[in-house]
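Visitor: Starting off with a structure, shown below.
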Amino acid sequence: MLRWIVFVVIYIVLGFYSLQSIKTASRHPWLYYTFIALMLLIVGNFIYQFTFGASDGRVLSRPKSYAFGFLLALMSFQLITVLFLFSEDIFRFLSGSYQKLFGVDREFSFPERRRFLSLIALGIAALPFGSLLYGMYRGKYNFKVLKYTLEFDDLPSGFDGYTITQISDVHSGSFDNEEKISYAIDLVNKQKSDVLFFTGDLVNNKAEEMGPWKVLFSRLEAADGKFSILGNHDYGDYVDWDTEEEKEENLEDLKKLQKEIGFDLLLNESRYLQRNGDKIALVGVENWGRGGFKKAGDLKKASEKINENDFKILLSHDPSHWEDVVIHDDYHYHLTLSGHTHGMQFGIEIPGWIKWSPVKWRYKYWAGIYKELGQFINVNRGFGVLGYPGRVGIWPEITVITLKKKS
């Protein structure tokens with residue numbers, strides 16, 4: 001109870017400053033009454049969802065994620081107005097104190113300046129507020145096809161020009177628009193790649209989240225097959241199960257779902273892809289993540305049936321596995337495909353100019369292609385969303401990689 005009281009007090013203080021900004025900038029009472037109603041509606045819904053709302057696990061799914069998203073958007077608006085008006089209040093306090101102490105008869109603060117600052121604050125605060133709302137309704141379905149060509153000295157000649165499509169982090173528990181997801185599935189098929197890889201996190205909490213979307217995802221096509229691995233969310237670790245047997249049954253249900261979709265699920269296993277008399281090794285590990293994330297991945301076990309000199313593609317959900325284990329392994333893994341980071345679903349990307357997201361402070365390799373010690377990794381920005389139900393600047397990704405043999 002105490003945490004809710006503290007939260008509401010902070011929320012009201014922030015809202016008070018935002019309201020003062022609106023009152024100063026506008027003379028229309030309906031505007032600030034609307035803002036008060038919006039504040040109360042958003043915080044009321046948030047408290048209701050997180051106290052009485054249904055919960056299928058500790059990871060936010062609908063409608064909790066929307067309650068969180070609306071609160072995040074409004075509080076970003078509030079915080080920016082506070083930065084402007086609170087600094088103005090401090091200035092007025094100091095200037096008033098100076099006048100009283102030294103008897104200076106001089107006006108340091110003007111109502112027009114206050115109104116000017118309020119207008120500036122509202123204009124700037126509207127940018128993240130509008131962006132976060134846009135991200136919730138349009139941004140999360142703004143699917144982008146990102147294409148890369150990677151060259152290798154030792155790529156078997158039969159695979160020169162071989163194309164790969166990668167998707168990752170579906171998080172079906174956050175889906176709410178069948179038409180948009182159907183469009184994305186068609187966009188994947190439109191690439192007509194030779195093989196399709198899915199690199200983990202089919203659900204948020206439970207396997208049952210994928211049930212309504214199974215038929216849609218079974219439409220995915222690739223001539224040489226569809227291969228998948230597990231991500232940290234697929235194990236059911238974010239649910240307080242009554243028994244361990246229930247948790248194990250959930251994982252088995254998810255594995256069956258992957259098979260029904262048509263995925264060949266690699267559980268610390270390997271396969272060979274054949275093309276024009278040549279072959280390359282495909283290795284898939286279970287989730288291995290730095291810190292408190294599950295470490296079920298066993299690279300040695302997954303690679304025990306392939307040869308050291310094979311050209312190797314590795315599927316590993318978490319890029320920290322590549323950084324901490326893979327690139328230092330005795331085997332040379334030519335290309336690793338990962339996901340997990342989502343690019344934090346928030347950032348700024350202008351190709352050739354800037355690529356930034358706060359997630360870079362946690363993950364060194366967080367989006368796109370990287371190369372270390374002669375080995376490549378692609379970190380997919382994710383297909384779905386988690387937590388905040390949208391994307392701003394970091395759009396959902398379908399990766400297409402073409403393998404080329406160096407001349």
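Residue numbering restarts at 1 in every chain; chains get A, B, ... in the order shown in the structure tokens, and ligands count up from 1 in that same order.
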For the contact check between segment 319-383 of chain A and segment 170-191 of chain A, emit one row per residue of segment 319-383 of chain A within 12 Å, containing the shortest atom pair and the distance in Å rounded to one decimal, counting only C-alpha atoms, chain then rising number order, as CSV.
Guide:
```
residue,atom,partner,partner_atom,distance
A:Gly339,CA,A:Val170,CA,10.2
A:His340,CA,A:Val170,CA,10.2
A:His342,CA,A:Val170,CA,10.3
A:Asn380,CA,A:Val170,CA,11.2
A:Arg381,CA,A:Val170,CA,10.6
A:Gly382,CA,A:Val170,CA,6.8
A:Phe383,CA,A:Val170,CA,5.0
```
Visitor: Identify, on the basis of only C-alpha atoms, every residue whose closest approach to Leu83 of chain A does not exceed 12 Å; exclude the query and any residue fewer than 6 positions from it along the same chain; express the result as a list in words.
Guide: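 Contacts, with the query itself left out: Leu14, Tyr17, Ser18, Ser21, Ser76, Phe77, Asp89, Ile90, Leu117, Ser118, Ile120, Ala121, Leu122, Ile124 and Ala125 of chain A.
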Visitor: Taking C-alpha atoms for each residue, export the selection above as a PDB file, in the first residue's frame.
Guide:
```pdb
ATOM      1  CA  LEU A  14       4.216  16.175 -11.459  1.00  0.00           C
ATOM      2  CA  TYR A  17       3.314  21.444 -12.532  1.00  0.00           C
ATOM      3  CA  SER A  18       1.980  20.298 -15.891  1.00  0.00           C
ATOM      4  CA  SER A  21       1.974  25.123 -17.456  1.00  0.00           C
ATOM      5  CA  SER A  76       7.213  11.863 -19.995  1.00  0.00           C
ATOM      6  CA  PHE A  77       5.011  14.900 -20.712  1.00  0.00           C
ATOM      7  CA  ASP A  89      10.274  28.674  -9.596  1.00  0.00           C
ATOM      8  CA  ILE A  90      13.770  28.305  -8.179  1.00  0.00           C
ATOM      9  CA  LEU A 117       8.474  29.131 -20.826  1.00  0.00           C
ATOM     10  CA  SER A 118       5.169  27.282 -20.478  1.00  0.00           C
ATOM     11  CA  ILE A 120       8.169  26.077 -24.842  1.00  0.00           C
ATOM     12  CA  ALA A 121       7.731  23.349 -22.207  1.00  0.00           C
ATOM     13  CA  LEU A 122       4.421  22.181 -23.657  1.00  0.00           C
ATOM     14  CA  ILE A 124       8.838  20.072 -26.220  1.00  0.00           C
ATOM     15  CA  ALA A 125       6.829  17.779 -23.900  1.00  0.00           C
TER      16      ALA A 125
END
```
Visitor: For atom CA of Val285 of chain A and atom CA of Gly236 of chain A, quote the distance in Å rounded to one decimal.
Guide: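 We find that atom CA of Val285 of chain A and atom CA of Gly236 of chain A lie 17.5 Å from each other.
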Visitor: Going by DSSP on the backbone, which residues of segment 102-336 of chain A come out as helix (DSSP H, G or I)? List them as a ChimeraX atom specification.
Guide: /A:102,111-137,139-141,157-159,172-174,178-190,207-217,232-235,244-261,299-302,319-324,326-328
Visitor: Taking only segment 4-239 of chain A into account, list the residues labelled strand (DSSP E or B) by DSSP (computed from the backbone), as a ChimeraX atom specification.
Guide: /A:144-152,162-167,195-198,226-228
Visitor: Need to verify the contact set: Ala54 of chain A, 9 Å, only C-alpha atoms, exclusion of same-chain residues closer than 5 positions in sequence. Can you return it as an MDAnalysis selection string?
Guide: chainID A and resid 49 63:64
Visitor: When you look at Leu266 of chain A with a cut-off of 9 Å (counting only C-alpha atoms), what residues show up, excluding the ones that are within fewer than 3 positions of it in the same chain? I need them as a VMD selection string.
Guide: chain A and resid 227 to 230 269 to 271 283 to 286 302 315
Visitor: Keeping only C-alpha atoms, write the selected residues to a file as a PDB file, in the first residue's frame.
Guide:
```pdb
ATOM      1  CA  PHE A 227      14.491 -23.720 -38.045  1.00  0.00           C
ATOM      2  CA  SER A 228      14.098 -22.321 -34.553  1.00  0.00           C
ATOM      3  CA  ILE A 229      15.548 -22.134 -31.042  1.00  0.00           C
ATOM      4  CA  LEU A 230      14.215 -21.169 -27.617  1.00  0.00           C
ATOM      5  CA  GLU A 269      21.558 -29.742 -31.730  1.00  0.00           C
ATOM      6  CA  SER A 270      22.892 -29.398 -35.261  1.00  0.00           C
ATOM      7  CA  ARG A 271      21.747 -30.004 -38.805  1.00  0.00           C
ATOM      8  CA  VAL A 283      23.904 -25.222 -34.930  1.00  0.00           C
ATOM      9  CA  GLY A 284      21.160 -24.226 -32.489  1.00  0.00           C
ATOM     10  CA  VAL A 285      21.643 -23.726 -28.763  1.00  0.00           C
ATOM     11  CA  GLU A 286      19.082 -23.257 -26.031  1.00  0.00           C
ATOM     12  CA  ALA A 302      25.227 -28.680 -29.918  1.00  0.00           C
ATOM     13  CA  LEU A 315      21.411 -19.721 -33.723  1.00  0.00           C
TER      14      LEU A 315
END
```
Visitor: Excluding Phe263 of chain A and residues on its chain fewer than 3 positions from it, collect all residues at most 8 Å away from it, counting only C-alpha atoms, and give them as JSON, numbers by chain.
Guide: {"A": [225, 226, 227, 228, 258, 259, 260]}
Visitor: At a cut-off of 9 Å, using only C-alpha atoms, what residues contact Leu335 of chain A? Leave out same-chain residues fewer than 5 positions from it and give the result as a PyMOL selection string.
Guide: chain A and resi 311-315+375-378
Visitor: With N, CA, C and O atoms retained, write the just-selected residues as a PDB file, in the first residue's frame.
Guide:
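Contents of again.pdb, freshly written:
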```
ATOM      1  N   PHE A 311      31.703 -24.923 -42.550  1.00  0.00           N
ATOM      2  CA  PHE A 311      31.178 -23.562 -42.472  1.00  0.00           C
ATOM      3  C   PHE A 311      29.970 -23.613 -41.543  1.00  0.00           C
ATOM      4  O   PHE A 311      29.061 -24.433 -41.727  1.00  0.00           O
ATOM      5  N   LYS A 312      29.927 -22.716 -40.523  1.00  0.00           N
ATOM      6  CA  LYS A 312      28.943 -22.865 -39.456  1.00  0.00           C
ATOM      7  C   LYS A 312      28.072 -21.618 -39.299  1.00  0.00           C
ATOM      8  O   LYS A 312      28.575 -20.491 -39.269  1.00  0.00           O
ATOM      9  N   ILE A 313      26.785 -21.859 -39.153  1.00  0.00           N
ATOM     10  CA  ILE A 313      25.828 -20.820 -38.760  1.00  0.00           C
ATOM     11  C   ILE A 313      25.260 -21.231 -37.409  1.00  0.00           C
ATOM     12  O   ILE A 313      24.804 -22.364 -37.237  1.00  0.00           O
ATOM     13  N   LEU A 314      25.299 -20.315 -36.464  1.00  0.00           N
ATOM     14  CA  LEU A 314      24.838 -20.600 -35.106  1.00  0.00           C
ATOM     15  C   LEU A 314      23.599 -19.767 -34.787  1.00  0.00           C
ATOM     16  O   LEU A 314      23.579 -18.560 -35.040  1.00  0.00           O
ATOM     17  N   LEU A 315      22.588 -20.418 -34.229  1.00  0.00           N
ATOM     18  CA  LEU A 315      21.411 -19.721 -33.723  1.00  0.00           C
ATOM     19  C   LEU A 315      21.516 -19.683 -32.198  1.00  0.00           C
ATOM     20  O   LEU A 315      21.528 -20.729 -31.540  1.00  0.00           O
ATOM     21  N   GLN A 375      34.497 -13.273 -37.095  1.00  0.00           N
ATOM     22  CA  GLN A 375      33.178 -13.892 -37.001  1.00  0.00           C
ATOM     23  C   GLN A 375      32.095 -12.816 -36.968  1.00  0.00           C
ATOM     24  O   GLN A 375      32.263 -11.779 -36.328  1.00  0.00           O
ATOM     25  N   PHE A 376      30.968 -13.095 -37.627  1.00  0.00           N
ATOM     26  CA  PHE A 376      29.867 -12.139 -37.711  1.00  0.00           C
ATOM     27  C   PHE A 376      28.736 -12.515 -36.757  1.00  0.00           C
ATOM     28  O   PHE A 376      28.519 -13.693 -36.471  1.00  0.00           O
ATOM     29  N   ILE A 377      28.029 -11.493 -36.313  1.00  0.00           N
ATOM     30  CA  ILE A 377      26.754 -11.706 -35.621  1.00  0.00           C
ATOM     31  C   ILE A 377      25.745 -10.698 -36.149  1.00  0.00           C
ATOM     32  O   ILE A 377      26.109  -9.553 -36.452  1.00  0.00           O
ATOM     33  N   ASN A 378      24.505 -11.151 -36.299  1.00  0.00           N
ATOM     34  CA  ASN A 378      23.402 -10.221 -36.538  1.00  0.00           C
ATOM     35  C   ASN A 378      22.469 -10.275 -35.347  1.00  0.00           C
ATOM     36  O   ASN A 378      21.991 -11.345 -34.969  1.00  0.00           O
TER      37      ASN A 378
END
```
Visitor: Ranking A:Asn204, A:Gln78, A:Ser131, A:Ser316 by minimum distance to Ile12 of chain A and counting only C-alpha atoms, which one comes first?
Guide: A:Gln78
Visitor: Separation of atom CA of Phe7 of chain A and atom CA of Thr51 of chain A, in Å?
Guide: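 Value for the atom CA of Phe7 of chain A-atom CA of Thr51 of chain A distance: 13.7 Å.
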